[in-house]
$ cat entry23.txt   # compact mmCIF, C-alpha atoms
# COMPACT_ATOMS: atom_id res chain seq x y z
CA MET O 1 -90.68 -5.82 196.18
CA GLU O 2 -91.26 -9.44 197.14
CA LYS O 3 -94.16 -8.42 199.38
CA GLU O 4 -95.84 -6.56 196.51
CA VAL O 5 -95.49 -9.59 194.25
CA LYS O 6 -97.06 -11.85 196.85
CA LYS O 7 -99.90 -9.40 197.26
CA HIS O 8 -100.89 -9.04 193.62
CA VAL O 9 -100.63 -12.68 192.59
CA ALA O 10 -103.91 -13.43 194.36
CA ALA O 11 -105.74 -10.69 192.52
CA VAL O 12 -107.41 -12.50 189.61
CA ARG O 13 -109.08 -15.92 189.71
CA VAL O 14 -110.90 -17.77 186.95
CA GLY O 15 -112.57 -21.10 187.61
CA ASP O 16 -111.70 -23.76 185.04
CA ALA O 17 -115.21 -24.90 184.23
CA VAL O 18 -114.89 -22.61 181.21
CA GLY O 19 -112.74 -25.19 179.40
CA LEU O 20 -109.48 -25.26 177.46
CA LEU O 21 -110.48 -23.51 174.22
CA ALA O 22 -112.47 -20.81 176.00
CA ARG O 23 -109.57 -20.07 178.34
CA LYS O 24 -107.17 -19.78 175.40
CA THR O 25 -109.69 -17.63 173.55
CA TRP O 26 -110.05 -15.22 176.49
CA ASN O 27 -106.30 -14.72 176.66
CA VAL O 28 -106.18 -13.95 172.93
CA LEU O 29 -109.12 -11.56 173.19
CA LEU O 30 -107.36 -9.76 176.03
CA LEU O 31 -104.07 -9.53 174.13
CA ASN O 32 -105.92 -8.21 171.09
CA ALA O 33 -107.68 -5.53 173.15
CA TYR O 34 -104.95 -4.66 175.63
CA ASP O 35 -103.71 -1.37 174.17
CA ASN O 36 -107.26 -0.01 174.00
CA LEU O 37 -108.77 -1.45 177.18
CA LEU O 38 -109.20 1.98 178.77
CA THR O 39 -110.07 3.97 175.64
CA GLN O 40 -112.46 1.73 173.70
CA ASP O 41 -115.56 -0.17 174.79
CA PHE O 42 -115.58 -2.59 171.87
CA HIS O 43 -112.77 -4.59 170.28
CA LYS O 44 -112.63 -6.58 167.02
CA ILE O 45 -110.84 -9.67 165.75
CA LYS O 46 -111.49 -11.95 162.76
CA VAL O 47 -112.87 -15.39 163.58
CA THR O 48 -110.25 -16.97 161.33
CA ASP O 49 -107.46 -15.16 163.19
CA LEU O 50 -108.93 -16.15 166.54
CA CYS O 51 -109.09 -19.81 165.51
CA GLU O 52 -105.56 -19.76 164.14
CA ILE O 53 -104.03 -18.12 167.21
CA THR O 54 -105.81 -20.38 169.71
CA GLY O 55 -104.74 -23.42 167.71
CA CYS O 56 -108.25 -24.79 167.24
CA ASN O 57 -107.77 -24.96 163.44
CA THR O 58 -111.43 -24.55 162.60
CA ARG O 59 -113.71 -22.00 160.99
CA ASN O 60 -116.81 -23.42 162.67
CA TYR O 61 -118.70 -20.28 163.67
CA LYS O 62 -121.13 -22.29 165.78
CA ASN O 63 -118.27 -23.68 167.84
CA MET O 64 -116.82 -20.20 168.35
CA ALA O 65 -120.26 -18.89 169.32
CA GLU O 66 -120.45 -21.57 172.03
CA VAL O 67 -117.00 -20.57 173.31
CA LEU O 68 -118.00 -16.90 173.48
CA GLY O 69 -121.19 -17.92 175.25
CA ASN O 70 -119.13 -19.70 177.90
CA LEU O 71 -117.03 -16.59 178.41
CA MET O 72 -120.17 -14.49 178.88
CA THR O 73 -121.46 -16.76 181.66
CA THR O 74 -118.21 -17.54 183.51
CA ASN O 75 -117.16 -15.38 186.44
CA VAL O 76 -113.83 -13.71 187.02
CA LYS O 77 -113.20 -12.96 190.70
CA TRP O 78 -110.70 -10.47 192.02
CA ASP O 79 -109.32 -9.44 195.36
CA ILE O 80 -110.33 -5.89 196.28
CA GLY O 81 -107.57 -4.22 198.28
CA GLY O 82 -105.47 -7.38 198.53
CA GLY O 83 -107.12 -8.47 201.78
CA CYS O 84 -108.53 -11.83 200.78
CA ARG O 85 -105.31 -13.72 201.35
CA GLN O 86 -104.87 -12.17 204.78
CA ASN O 87 -108.50 -12.70 205.84
CA GLY O 88 -108.61 -16.21 204.45
CA THR O 89 -111.82 -15.60 202.51
CA TRP O 90 -112.86 -14.34 199.09
CA ILE O 91 -116.26 -13.12 200.33
CA LYS O 92 -115.41 -10.01 202.34
CA ASN O 93 -113.32 -8.20 199.70
CA MET O 94 -114.28 -9.84 196.43
CA GLY O 95 -115.25 -8.32 193.06
CA MET O 96 -116.90 -10.28 190.25
CA SER O 97 -117.56 -9.92 186.53
CA THR O 98 -118.17 -12.23 183.61
CA MET O 99 -115.09 -12.92 181.50
CA ILE O 100 -116.54 -10.84 178.65
CA ALA O 101 -119.58 -8.59 178.90
CA SER O 102 -120.90 -9.15 175.37
CA ALA O 103 -119.93 -10.50 171.96
CA ILE O 104 -121.36 -10.72 168.46
CA ILE O 105 -120.09 -12.39 165.30
CA GLU O 106 -120.77 -10.29 162.24
CA ASP O 107 -119.37 -10.83 158.74
CA GLY O 108 -116.64 -13.10 160.08
CA VAL O 109 -115.56 -10.65 162.78
CA VAL O 110 -115.98 -11.00 166.56
CA VAL O 111 -116.95 -7.71 168.23
CA TYR O 112 -116.67 -7.99 172.01
CA GLU O 113 -116.31 -6.01 175.23
CA PHE O 114 -115.09 -6.42 178.79
CA SER O 115 -116.89 -4.81 181.72
CA LYS O 116 -115.44 -1.40 182.61
CA ARG O 117 -114.33 -2.59 186.06
CA LEU O 118 -112.58 -5.64 184.60
CA SER O 119 -110.95 -3.56 181.85
CA LYS O 120 -109.35 -1.28 184.44
CA LEU O 121 -108.20 -4.26 186.49
CA LEU O 122 -106.72 -6.17 183.54
CA TYR O 123 -104.86 -3.16 182.18
CA ASN O 124 -102.82 -2.89 185.37
CA PRO O 125 -99.56 -4.78 184.65
CA GLU O 126 -98.99 -5.26 188.39
CA ILE O 127 -102.19 -7.30 188.60
CA TYR O 128 -102.57 -9.14 185.33
CA GLN O 129 -100.89 -12.51 185.22
CA ARG O 130 -98.08 -13.26 182.81
CA ILE O 131 -99.09 -14.70 179.48
CA SER O 132 -97.55 -16.22 176.38
CA ILE O 133 -99.84 -17.05 173.46
CA ALA O 134 -97.19 -19.33 171.97
CA GLN O 135 -96.90 -21.19 175.29
CA GLN O 136 -100.62 -21.68 175.81
CA LYS O 137 -101.01 -23.29 172.35
CA LEU O 138 -98.88 -26.19 173.58
CA PHE O 139 -101.33 -27.23 176.30
CA LYS O 140 -103.77 -30.06 175.56
CA SER O 141 -105.52 -30.08 178.92
CA ALA O 142 -107.71 -27.36 180.44
CA SER O 143 -106.55 -28.16 183.97
CA SER O 144 -102.88 -27.98 182.88
CA LEU O 145 -103.36 -24.55 181.32
CA ALA O 146 -105.29 -23.34 184.38
CA LEU O 147 -102.59 -24.58 186.76
CA TRP O 148 -99.85 -23.05 184.58
CA GLU O 149 -101.58 -19.66 184.61
CA ASN O 150 -101.89 -19.81 188.38
CA CYS O 151 -98.23 -20.79 188.83
CA ILE O 152 -96.43 -18.67 186.19
CA ARG O 153 -97.20 -15.57 188.25
CA PHE O 154 -95.03 -16.86 191.10
CA THR O 155 -91.72 -17.26 189.25
CA GLY O 156 -90.31 -14.26 191.12
CA VAL O 157 -91.39 -15.74 194.45
CA GLY O 158 -90.53 -19.41 193.97
CA SER O 159 -93.74 -20.79 195.43
CA THR O 160 -97.49 -20.31 195.20
CA GLY O 161 -97.87 -20.69 198.92
CA PHE O 162 -100.66 -22.85 200.34
CA MET O 163 -104.27 -22.74 199.19
CA GLU O 164 -107.08 -24.92 200.45
CA LEU O 165 -107.77 -28.09 198.51
CA LEU O 166 -111.25 -26.89 197.54
CA GLU O 167 -109.83 -23.65 196.10
CA TRP O 168 -107.49 -25.59 193.81
CA ARG O 169 -110.35 -27.84 192.75
CA GLU O 170 -112.38 -24.79 191.77
CA LEU O 171 -109.47 -23.22 189.86
CA LEU O 172 -108.76 -26.45 187.99
CA GLY O 173 -112.40 -27.32 187.24
CA ALA O 174 -112.45 -30.41 189.44
CA THR O 175 -115.49 -29.69 191.60
CA ALA O 176 -117.40 -32.88 190.69
CA LYS O 177 -117.87 -35.54 193.38
CA THR O 178 -115.47 -37.72 191.40
CA TYR O 179 -112.65 -35.67 192.91
CA ASP O 180 -113.88 -35.54 196.52
CA GLN O 181 -111.16 -38.02 197.45
CA TYR O 182 -107.73 -36.42 197.24
CA LYS O 183 -106.20 -39.55 195.71
CA ASP O 184 -108.56 -39.22 192.72
CA PHE O 185 -107.99 -35.46 192.40
CA ASN O 186 -104.25 -36.05 192.43
CA LYS O 187 -104.34 -39.02 190.04
CA PHE O 188 -106.58 -37.47 187.38
CA VAL O 189 -105.87 -33.73 187.72
CA ILE O 190 -102.79 -32.69 189.72
CA SER O 191 -100.26 -35.30 188.54
CA PRO O 192 -101.11 -35.12 184.79
CA SER O 193 -101.16 -31.31 184.92
CA VAL O 194 -97.78 -31.09 186.67
CA LYS O 195 -96.33 -33.53 184.13
CA GLU O 196 -97.61 -31.52 181.13
CA ILE O 197 -96.44 -28.18 182.56
CA ASN O 198 -92.97 -29.53 183.22
CA GLU O 199 -92.78 -31.00 179.70
CA VAL O 200 -94.02 -28.09 177.56
CA SER O 201 -93.58 -24.85 179.50
CA THR O 202 -90.73 -22.61 180.64
CA ILE O 203 -91.35 -23.37 184.32
CA GLU O 204 -91.05 -26.50 186.43
CA ILE O 205 -93.44 -27.05 189.32
CA GLN O 206 -93.77 -29.58 192.13
CA PRO O 207 -96.60 -29.85 194.66
CA PHE O 208 -96.20 -29.73 198.44
CA PHE O 209 -98.86 -30.33 201.06
CA LYS O 210 -100.25 -29.44 204.47
CA LYS O 211 -102.15 -32.07 206.45
CA SER O 212 -104.61 -32.20 209.29
CA GLY O 213 -103.95 -35.61 210.77
CA ARG O 214 -103.72 -37.92 207.77
CA LYS O 215 -105.92 -35.74 205.55
CA ILE O 216 -104.43 -33.30 203.01
CA THR O 217 -106.10 -29.91 203.46
CA HIS O 218 -103.85 -27.49 201.56
CA ILE O 219 -101.67 -27.67 198.45
CA GLY O 220 -98.89 -25.41 197.21
CA PHE O 221 -96.47 -25.56 194.28
CA THR O 222 -92.80 -24.69 193.99
CA VAL O 223 -92.17 -22.70 190.81
CA VAL O 224 -88.76 -22.68 189.10
CA GLN O 225 -87.93 -20.86 185.85
CA LYS O 226 -86.18 -23.35 183.57
CA GLY O 227 -86.12 -21.52 180.24
CA GLN O 228 -86.21 -18.01 178.84
CA ARG O 229 -87.71 -15.43 181.19
CA GLN O 230 -91.48 -15.18 180.78
CA LEU O 231 -92.46 -11.65 179.76
CA ALA O 232 -95.44 -9.92 181.32
CA LEU O 233 -98.15 -8.83 178.90
CA PRO O 234 -97.06 -5.17 178.52
CA GLU O 235 -93.46 -6.27 177.95
CA ILE O 236 -94.55 -8.70 175.23
CA LEU O 237 -96.34 -5.94 173.40
CA GLU O 238 -93.55 -3.42 173.80
CA GLU O 239 -90.78 -5.78 172.66
CA ALA O 240 -92.70 -7.21 169.71
CA LYS O 241 -94.17 -3.94 168.46
CA SER O 242 -90.82 -2.20 168.47
CA SER O 243 -89.34 -4.79 166.10
CA LYS O 244 -88.91 -4.34 162.36
CA GLU O 245 -90.41 -7.78 161.79
CA TYR O 246 -93.66 -6.72 163.49
CA GLU O 247 -93.90 -3.56 161.40
CA GLU O 248 -93.40 -5.50 158.17
CA LEU O 249 -95.94 -8.16 159.14
CA ILE O 250 -98.51 -5.41 159.77
CA SER O 251 -97.66 -3.80 156.40
CA TYR O 252 -98.70 -7.08 154.74
CA GLY O 253 -102.09 -6.89 156.44
CA ILE O 254 -101.38 -9.37 159.23
CA ASN O 255 -103.54 -8.88 162.35
CA GLU O 256 -101.62 -7.30 165.26
CA VAL O 257 -102.20 -10.12 167.72
CA GLN O 258 -101.41 -12.70 165.00
CA ALA O 259 -98.11 -10.92 164.34
CA ILE O 260 -97.26 -11.02 168.05
CA SER O 261 -98.23 -14.68 168.26
CA TRP O 262 -96.02 -15.61 165.29
CA ILE O 263 -93.05 -13.69 166.68
CA GLN O 264 -93.46 -15.53 169.99
CA GLU O 265 -93.94 -18.92 168.37
CA TYR O 266 -91.33 -18.85 165.58
CA GLY O 267 -88.81 -16.20 166.68
CA TYR O 268 -87.51 -13.09 164.93
CA GLY O 269 -84.98 -14.92 162.75
CA TYR O 270 -87.55 -17.26 161.23
CA ILE O 271 -90.03 -14.44 160.57
CA ARG O 272 -87.26 -12.32 158.98
CA GLU O 273 -86.40 -15.20 156.64
CA LYS O 274 -90.02 -15.52 155.47
CA LEU O 275 -90.41 -11.76 155.04
CA ASP O 276 -87.28 -11.64 152.90
CA LEU O 277 -88.53 -14.61 150.86
CA THR O 278 -91.84 -12.84 150.26
CA LYS O 279 -90.05 -9.68 149.10
CA GLU O 280 -87.82 -11.77 146.83
CA ASN O 281 -90.85 -13.37 145.17
CA GLU O 282 -92.66 -10.03 144.94
CA LYS O 283 -89.69 -8.53 143.13
CA ALA O 284 -89.53 -11.48 140.76
CA GLY O 285 -93.28 -11.21 140.10
CA THR O 286 -93.89 -14.85 141.00
CA VAL O 287 -96.70 -14.27 143.53
CA LYS O 288 -100.18 -12.87 142.95
CA LYS O 289 -100.98 -11.99 146.56
CA ALA O 290 -97.97 -11.26 148.75
CA SER O 291 -99.86 -11.44 152.06
CA GLY O 292 -101.23 -14.90 151.24
CA PHE O 293 -97.79 -16.10 150.19
CA LEU O 294 -96.29 -14.77 153.45
CA VAL O 295 -98.85 -16.68 155.55
CA SER O 296 -98.14 -19.89 153.62
CA ALA O 297 -94.38 -19.34 153.85
CA ILE O 298 -94.55 -18.97 157.63
CA LYS O 299 -96.81 -21.99 158.16
CA GLY O 300 -95.12 -24.16 155.54
CA ASN O 301 -91.52 -23.08 156.22
CA TYR O 302 -90.92 -22.13 152.58
CA LYS O 303 -87.31 -21.71 151.44
CA SER O 304 -86.01 -19.61 148.57
CA GLU O 305 -83.95 -21.17 145.80
CA LYS O 306 -81.01 -19.06 146.91
CA GLN O 307 -81.40 -20.32 150.47
CA VAL O 308 -81.74 -23.93 149.33
CA ALA O 309 -78.69 -23.60 147.07
CA LYS O 310 -76.72 -21.97 149.85
CA LYS O 311 -77.65 -24.71 152.31
CA ARG O 312 -76.80 -27.38 149.75
CA THR O 313 -73.40 -25.80 149.11
CA GLU O 314 -72.75 -25.48 152.85
CA LYS O 315 -73.61 -29.15 153.36
CA GLN O 316 -71.37 -30.20 150.48
CA ILE O 317 -68.48 -28.15 151.86
CA GLU O 318 -69.12 -29.53 155.32
CA LYS O 319 -69.17 -33.07 153.98
CA ARG O 320 -66.00 -32.54 151.93
CA ASN O 321 -64.23 -30.90 154.86
CA GLY O 322 -65.38 -33.72 157.10
CA GLU O 323 -64.05 -36.38 154.75
CA GLU O 324 -60.73 -34.58 154.38
CA LEU O 325 -60.49 -34.17 158.13
CA LYS O 326 -61.23 -37.85 158.60
CA LYS O 327 -58.49 -38.84 156.15
CA LYS O 328 -55.99 -36.54 157.86
CA ARG O 329 -56.89 -37.99 161.24
CA GLU O 330 -56.54 -41.59 160.01
CA ALA O 331 -53.17 -40.79 158.40
CA LEU O 332 -51.93 -39.17 161.61
CA ILE O 333 -53.08 -42.15 163.70
CA SER O 334 -51.21 -44.51 161.36
CA LYS O 335 -48.02 -42.44 161.62
CA LEU O 336 -48.27 -42.10 165.42
CA SER O 337 -48.83 -45.84 165.78
CA ALA O 338 -45.76 -46.60 163.66
CA ASP O 339 -43.60 -44.07 165.52
CA PHE O 340 -44.63 -45.41 168.92
CA SER O 341 -44.06 -49.03 167.88
CA ARG O 342 -40.60 -48.27 166.45
CA GLU O 343 -39.46 -46.38 169.55
CA GLU O 344 -40.80 -48.98 171.97
CA LYS O 345 -39.18 -51.86 170.06
CA GLU O 346 -35.85 -50.01 170.09
CA LYS O 347 -36.08 -49.40 173.84
CA PHE O 348 -37.02 -53.00 174.49
CA LEU O 349 -34.20 -54.46 172.38
CA ASN O 350 -31.65 -52.05 173.85
CA SER O 351 -32.54 -53.37 177.29
CA LEU O 352 -31.64 -56.96 176.32
CA SER O 353 -28.22 -58.63 176.47
CA GLU O 354 -26.86 -60.45 173.42
CA SER O 355 -27.81 -63.83 174.83
CA GLU O 356 -31.33 -62.59 175.55
CA LYS O 357 -31.62 -61.30 171.99
CA GLU O 358 -30.48 -64.66 170.64
CA GLU O 359 -33.01 -66.47 172.81
CA LEU O 360 -35.76 -64.05 171.65
CA THR O 361 -34.85 -64.67 168.00
CA ASN O 362 -35.10 -68.45 168.45
CA ASN O 363 -38.45 -68.12 170.24
CA ILE O 364 -39.90 -65.94 167.46
CA LEU O 365 -38.55 -68.33 164.78
CA ASP O 366 -40.37 -71.14 166.52
CA GLU O 367 -43.61 -69.07 166.55
CA ILE O 368 -43.46 -68.22 162.82
CA LYS O 369 -42.00 -71.49 161.51
CA ALA O 370 -45.05 -72.13 159.34
CA ASP O 371 -44.32 -68.94 157.32
CA THR O 372 -41.23 -69.71 155.24
CA PHE O 373 -40.89 -66.17 153.90
CA ALA O 374 -40.99 -64.68 157.42
CA VAL O 375 -38.48 -67.22 158.71
CA ASN O 376 -36.01 -66.44 155.91
CA SER O 377 -36.41 -62.68 156.51
CA LEU O 378 -35.79 -63.04 160.25
CA LYS O 379 -32.69 -65.24 159.71
CA LYS O 380 -31.31 -62.73 157.23
CA LYS O 381 -32.08 -59.44 159.00
CA GLY O 382 -32.35 -60.58 162.59
CA LEU O 383 -34.62 -58.75 165.06
CA SER O 384 -34.69 -55.67 162.81
CA SER O 385 -36.80 -57.66 160.33
CA PRO O 386 -40.51 -56.69 160.07
CA ALA O 387 -41.19 -60.39 160.60
CA ALA O 388 -40.00 -60.03 164.21
CA GLY O 389 -42.19 -57.00 164.94
CA LEU O 390 -45.28 -58.72 166.36
CA GLY O 391 -43.19 -61.15 168.36
CA ILE O 392 -41.31 -58.25 170.00
CA ILE O 393 -44.38 -56.09 170.63
CA LYS O 394 -46.35 -58.76 172.46
CA ARG O 395 -43.44 -59.07 174.90
CA ILE O 396 -43.42 -55.31 175.72
CA PRO O 397 -45.38 -54.71 178.96
CA ASP O 398 -48.70 -52.81 178.63
CA PHE O 399 -47.91 -51.92 175.01
CA GLU O 400 -51.42 -51.44 173.58
CA HIS O 401 -52.72 -49.33 176.47
CA ARG O 402 -49.71 -47.02 176.44
CA LYS O 403 -49.93 -46.71 172.64
CA ASP O 404 -53.60 -45.63 172.88
CA LEU O 405 -52.73 -42.98 175.47
CA PHE O 406 -49.87 -41.73 173.32
CA ILE O 407 -52.05 -41.44 170.20
CA THR O 408 -54.88 -39.72 172.10
CA GLU O 409 -52.52 -37.14 173.57
CA LYS O 410 -50.91 -36.40 170.18
CA LEU O 411 -54.33 -36.11 168.47
CA GLU O 412 -55.45 -33.56 171.05
CA GLU O 413 -52.24 -31.59 170.56
CA ALA O 414 -52.94 -31.61 166.81
CA GLY O 415 -56.49 -30.35 167.35
CA PHE O 416 -58.41 -33.55 166.62
$ encode --input "entry23.txt" --output "structure tokens"
Amino acid sequence: MEKEVKKHVAAVRVGDAVGLLARKTWNVLLLNAYDNLLTQDFHKIKVTDLCEITGCNTRNYKNMAEVLGNLMTTNVKWDIGGGCRQNGTWIKNMGMSTMIASAIIEDGVVVYEFSKRLSKLLYNPEIYQRISIAQQKLFKSASSLALWENCIRFTGVGSTGFMELLEWRELLGATAKTYDQYKDFNKFVISPSVKEINEVSTIEIQPFFKKSGRKITHIGFTVVQKGQRQLALPEILEEAKSSKEYEELISYGINEVQAISWIQEYGYGYIREKLDLTKENEKAGTVKKASGFLVSAIKGNYKSEKQVAKKRTEKQIEKRNGEELKKKREALISKLSADFSREEKEKFLNSLSESEKEELTNNILDEIKADTFAVNSLKKKGLSSPAAGLGIIKRIPDFEHRKDLFITEKLEEAGF
């Protein structure tokens, strides 16, 4: 199994000159078309949906046209027969296609196609890299997203293995002379990309190197899964589309790939809450267009009055319970402190002879002589007087430390 994984991870390569938005767009276009890659030549998606899912937050058709143009002129390369890694070259067994074969924007809808060869290649789950639309939205750098895509595939292997420095530069869009020196390539591309991947994604990577003399010739990356297991594209579709939340989103007219993206980004619980809120408002007749309300509820994190009231009540109960618990704890600490002090004073006094007790009384009287009331109390009641308490306690070895330990132990026993 491990050998098969190592073989297929080299199958698809996309140079990063295409840019961040175009790379994100291609992934969304693929996800949108995936189910029908082998049965349909053309696929459709609304421009507004495409902008929303890629996170570009714009309805600028000219900008989207430029992105699609980039995809139509950028090559995808793939390894025919899996021999490129073994032969050390991508020339002998290499296939090529543009990222998309054609695209038009008509009435706010993008109609696009992949080449037939690329469609067959991308539909194979053993070849296509793993993808998460929610994850890719977090990336702010094209090189970071490109490096992530080329590392996420190796989570089952633990390492990308070595590739030549020039290959990585091509994959990460760093072919300009500015990056001819490795120190510049590392400073401006590798290090920032590694930092962003480790901060925002579900994997953690670290580079390792191979040198020829003092010159770095090859780079590899260790790949460690640090969060929830990344699902491959077919698994994403199967899991999401089998959920009740997905079915209900579709029933409100939400685009399929948008529904999948929201489920990935927000989670099933959040989506369920907003669906229930929409139904609640529909039933009450307080919304004109349920689908529009649902979109706003998801993006704006709307809460129902019932939910708000419930949360408020829960917080009030929590606060009240917390205050009561605090009072009980303080009362118990006071009692434990008094019990410990009483027992320790009794033990200490019982250990003294009568002459020692008399000497102790005189010493304490001398210490409190400025307080007439305390002096009279001590003369009348002797060492059992509260006035003698502090004078006795400060003569008991390690009193405060042992009292703290005693109280802590009793609090734990009581569940505090």
$ atom_distance --input "entry23.txt" --atom1 "CA of Glu245 in chain O" --atom2 "CA of Gln40 in chain O"
26.8 Å
$ residues_around --input "entry23.txt" --residues "range 368-374 of chain O" --least-positions-apart "4" --cutoff "8 Å" --atoms "all atoms listed in the file" --output "PDB file with C-alpha atoms, in the coordinates of the input"
ATOM      1  CA  ILE O 364     -39.900 -65.940 167.460  1.00  0.00           C
ATOM      2  CA  LEU O 378     -35.790 -63.040 160.250  1.00  0.00           C
ATOM      3  CA  ALA O 387     -41.190 -60.390 160.600  1.00  0.00           C
TER       4      ALA O 387
END
$ closest_residue --input "entry23.txt" --among "O:Ala146, O:Gln181, O:Gly213, O:Ser242" --to "Glu196 in chain O" --atoms "all atoms listed in the file"
O:Ala146
$ atom_distance --input "entry23.txt" --atom1 "CA of Met163 in chain O" --atom2 "CA of Thr217 in chain O"
8.5 Å
$ atom_distance --input "entry23.txt" --atom1 "CA of Cys151 in chain O" --atom2 "CA of Lys137 in chain O"
16.9 Å
$ residues_around --input "entry23.txt" --residues "Asp41 in chain O" --least-positions-apart "4" --cutoff "8 Å" --atoms "all atoms listed in the file" --output "PyMOL selection string"
chain O and resi 37+113-114+116
$ residues_around --input "entry23.txt" --residues "Trp26 in chain O" --least-positions-apart "4" --cutoff "8 Å" --atoms "all atoms listed in the file" --output "list in words"
Ala22, Leu30, Leu71 and Met99 of chain O
$ residues_around --input "entry23.txt" --residues "Lys299 in chain O" --least-positions-apart "4" --cutoff "12 Å" --atoms "all atoms listed in the file" --output "list in words"
Glu52, Trp262, Glu265, Tyr266, Tyr270, Ile271, Lys274, Gly292, Phe293, Leu294, Val295 and Lys303 of chain O
$ write_last_selection --input "entry23.txt" --atoms "C-alpha atoms" --output "PDB file, keeping the file's coordinate frame"
ATOM      1  CA  GLU O  52    -105.560 -19.760 164.140  1.00  0.00           C
ATOM      2  CA  TRP O 262     -96.020 -15.610 165.290  1.00  0.00           C
ATOM      3  CA  GLU O 265     -93.940 -18.920 168.370  1.00  0.00           C
ATOM      4  CA  TYR O 266     -91.330 -18.850 165.580  1.00  0.00           C
ATOM      5  CA  TYR O 270     -87.550 -17.260 161.230  1.00  0.00           C
ATOM      6  CA  ILE O 271     -90.030 -14.440 160.570  1.00  0.00           C
ATOM      7  CA  LYS O 274     -90.020 -15.520 155.470  1.00  0.00           C
ATOM      8  CA  GLY O 292    -101.230 -14.900 151.240  1.00  0.00           C
ATOM      9  CA  PHE O 293     -97.790 -16.100 150.190  1.00  0.00           C
ATOM     10  CA  LEU O 294     -96.290 -14.770 153.450  1.00  0.00           C
ATOM     11  CA  VAL O 295     -98.850 -16.680 155.550  1.00  0.00           C
ATOM     12  CA  LYS O 303     -87.310 -21.710 151.440  1.00  0.00           C
TER      13      LYS O 303
END
$ residues_around --input "entry23.txt" --residues "Phe416 in chain O" --least-positions-apart "3" --cutoff "12 Å" --atoms "all atoms listed in the file" --output "list of chain:residue names"
O:Gly322, O:Leu325, O:Lys326, O:Lys327, O:Lys328, O:Arg329, O:Glu330, O:Leu332, O:Ile333, O:Ile407, O:Thr408, O:Glu409, O:Lys410, O:Leu411, O:Glu412, O:Glu413
$ closest_residue --input "entry23.txt" --among "O:Ser304, O:Ser243, O:Ser261, O:Asn36" --to "Glu273 in chain O" --atoms "all atoms listed in the file"
O:Ser304
$ closest_residue --input "entry23.txt" --among "O:Thr222, O:Thr175, O:Asn363, O:Thr286" --to "Ile152 in chain O" --atoms "only C-alpha atoms"
O:Thr222
$ decode --input "entry23.txt" --residues "range 133-144 of chain O" --atoms "N, CA and C atoms" --output "mmCIF file, in the first residue's frame"
data_model
loop_
_atom_site.group_PDB
_atom_site.id
_atom_site.type_symbol
_atom_site.label_atom_id
_atom_site.label_comp_id
_atom_site.auth_asym_id
_atom_site.auth_seq_id
_atom_site.Cartn_x
_atom_site.Cartn_y
_atom_site.Cartn_z
ATOM 1 N N ILE O 133 -11.930 22.625 0.427
ATOM 2 C CA ILE O 133 -12.254 23.995 0.040
ATOM 3 C C ILE O 133 -12.174 24.930 1.242
ATOM 4 N N ALA O 134 -12.647 24.455 2.388
ATOM 5 C CA ALA O 134 -12.602 25.280 3.599
ATOM 6 C C ALA O 134 -11.164 25.589 3.989
ATOM 7 N N GLN O 135 -10.265 24.598 3.827
ATOM 8 C CA GLN O 135 -8.861 24.806 4.157
ATOM 9 C C GLN O 135 -8.215 25.815 3.223
ATOM 10 N N GLN O 136 -8.461 25.681 1.924
ATOM 11 C CA GLN O 136 -7.759 26.536 0.973
ATOM 12 C C GLN O 136 -8.146 28.001 1.119
ATOM 13 N N LYS O 137 -9.363 28.292 1.635
ATOM 14 C CA LYS O 137 -9.786 29.674 1.828
ATOM 15 C C LYS O 137 -8.916 30.393 2.852
ATOM 16 N N LEU O 138 -8.254 29.643 3.723
ATOM 17 C CA LEU O 138 -7.454 30.243 4.782
ATOM 18 C C LEU O 138 -6.117 30.772 4.288
ATOM 19 N N PHE O 139 -5.671 30.291 3.123
ATOM 20 C CA PHE O 139 -4.349 30.676 2.639
ATOM 21 C C PHE O 139 -4.371 32.056 1.998
ATOM 22 N N LYS O 140 -3.345 32.862 2.314
ATOM 23 C CA LYS O 140 -3.214 34.212 1.780
ATOM 24 C C LYS O 140 -2.095 34.298 0.748
ATOM 25 N N SER O 141 -1.315 33.253 0.634
ATOM 26 C CA SER O 141 -0.174 33.265 -0.277
ATOM 27 C C SER O 141 -0.297 32.133 -1.292
ATOM 28 N N ALA O 142 -0.017 32.447 -2.559
ATOM 29 C CA ALA O 142 -0.092 31.440 -3.619
ATOM 30 C C ALA O 142 0.931 30.339 -3.396
ATOM 31 N N SER O 143 2.142 30.716 -2.977
ATOM 32 C CA SER O 143 3.182 29.703 -2.768
ATOM 33 C C SER O 143 2.827 28.791 -1.592
ATOM 34 N N SER O 144 2.179 29.332 -0.557
ATOM 35 C CA SER O 144 1.770 28.513 0.589
ATOM 36 C C SER O 144 0.730 27.485 0.168
#
